[in-house]
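Step one of this worksheet: look at the structure below.
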Amino acid sequence: MTEGKKALLVMGCPEVPVQTSMVIYLAHKLDKAGYDVTVAGTDAAVKLVKTADPENHYIKKTADVDQLIGEIVEQKIDFDISFAFMHSDAGMTYGATFSAISKARPYAIVFGKNAEALAASIDYPAEKIVAKATHNPNPLKNKIDKVVL
């Protein structure tokens, strides 16, 4: 039963195009499964998903990633599951941070040209979803569908 459970989607740098569509897709999928979904990221990443979903059909809650880290550390909020989107070391750092401070079950969604190498360097416990996807979201979508719900 997922009703009342909280899910966090953490966006890294929005440089790789598939991230925005996959965040919206996963937020929708989790919402339909009964999760209360929050999408966190840098200012630019949050603006991209808000622009792509102007009426908040899929992205209902957003947060500044750095502010959210503080709120979790201060125990003002926490999540049941978290998904860190990463295509660079910076995204991996966010994933490691949330893994360390949150009780959420962590998933690392690794994509981009160097997805396999980046996934191999993850040294914290997380279920990895890895696809060498940059422009075409289908390889990543298919792997997410096999793991999530």
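Chain lettering (A, B, ...) mirrors the order of the structure tokens, residue numbering begins at 1 for each chain separately, and ligand numbering begins at 1 in order of display.
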
Might you pull out every residue within 9 Å of Met92 (chain A), with only C-alpha atoms counted and same-chain residues fewer than 4 positions away left off, and present them as a short mmCIF file (atom, residue, chain, number, x, y, z; two decimals) with C-alpha atoms, in the first residue's frame?
```
data_model
loop_
_atom_site.label_atom_id
_atom_site.label_comp_id
_atom_site.auth_asym_id
_atom_site.auth_seq_id
_atom_site.Cartn_x
_atom_site.Cartn_y
_atom_site.Cartn_z
CA GLY A 12 20.85 16.95 -11.03
CA ALA A 84 18.27 10.70 -7.65
CA PHE A 85 18.68 11.49 -11.33
CA MET A 86 22.33 11.68 -12.28
CA HIS A 87 24.50 12.00 -15.34
CA SER A 88 27.54 13.57 -13.64
CA ALA A 96 24.81 10.15 -1.82
CA THR A 97 23.70 13.08 0.33
CA ALA A 108 20.00 5.99 -8.42
CA VAL A 110 21.94 7.01 -13.98
CA LEU A 118 29.19 6.65 -13.35
CA ALA A 119 26.98 3.86 -12.00
CA SER A 121 31.46 4.58 -9.11
CA ILE A 122 28.40 4.80 -6.83
#
```

Using only C-alpha atoms, which residues sit within 10 Å of region 103-105 of chain A once same-chain residues fewer than 3 positions away are excluded, as a list in words?
Lys6, Ala7, Leu8, Ile72, Asp78, Phe79, Asp80, Ile81, Ser82, Phe83, Phe98, Ser99, Ala100, Pro125, Ala126 and Glu127 of chain A

Any chance you could list, as a PyMOL selection string, the residues in chain A that come up strand (DSSP E or B) when DSSP is run on the backbone?
chain A and resi 6-10+36-41+61-64+81-86+105-111+127-131

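Each of A:Leu48, A:Ala63, A:Val18, A:Leu9 was checked against Lys141 (chain A) using only C-alpha atoms; the smallest atom-to-atom distance is that of A:Val18.
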
Please produce, as JSON lines, a per-residue contact table for region 45-130 of chain A versus region 145-148 of chain A (criterion: any atom at most 10 Å away, only C-alpha atoms considered), showing the nearest atom pair and its distance in Å to one decimal, sorted by chain then residue number.
```
{"residue": "A:Tyr107", "atom": "CA", "partner": "A:Val147", "partner_atom": "CA", "distance": 9.7}
{"residue": "A:Glu127", "atom": "CA", "partner": "A:Val147", "partner_atom": "CA", "distance": 9.0}
{"residue": "A:Lys128", "atom": "CA", "partner": "A:Val147", "partner_atom": "CA", "distance": 9.3}
{"residue": "A:Ile129", "atom": "CA", "partner": "A:Val147", "partner_atom": "CA", "distance": 7.7}
```

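Distance annotation: of A:Thr62, A:Thr51, A:Asn142, A:Thr38, the residue with the minimal separation from Met22 (chain A) is A:Asn142; atom set is only C-alpha atoms.
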
10 Å contact set for Ile77 (chain A), only C-alpha atoms, chain neighbours under 6 positions out, as a ChimeraX atom specification:
/A:6,68-71,102

The residue from A:Asp31, A:Met11, A:Ala90, A:Lys50 with the smallest atom-to-atom distance to Ile109 (chain A), counting only C-alpha atoms, is A:Met11

Any idea what's packed within 8 Å of Leu140 (chain A), counting only C-alpha atoms, ignoring anything in its chain fewer than 3 positions away? Could you give it as a count of residues only?
10
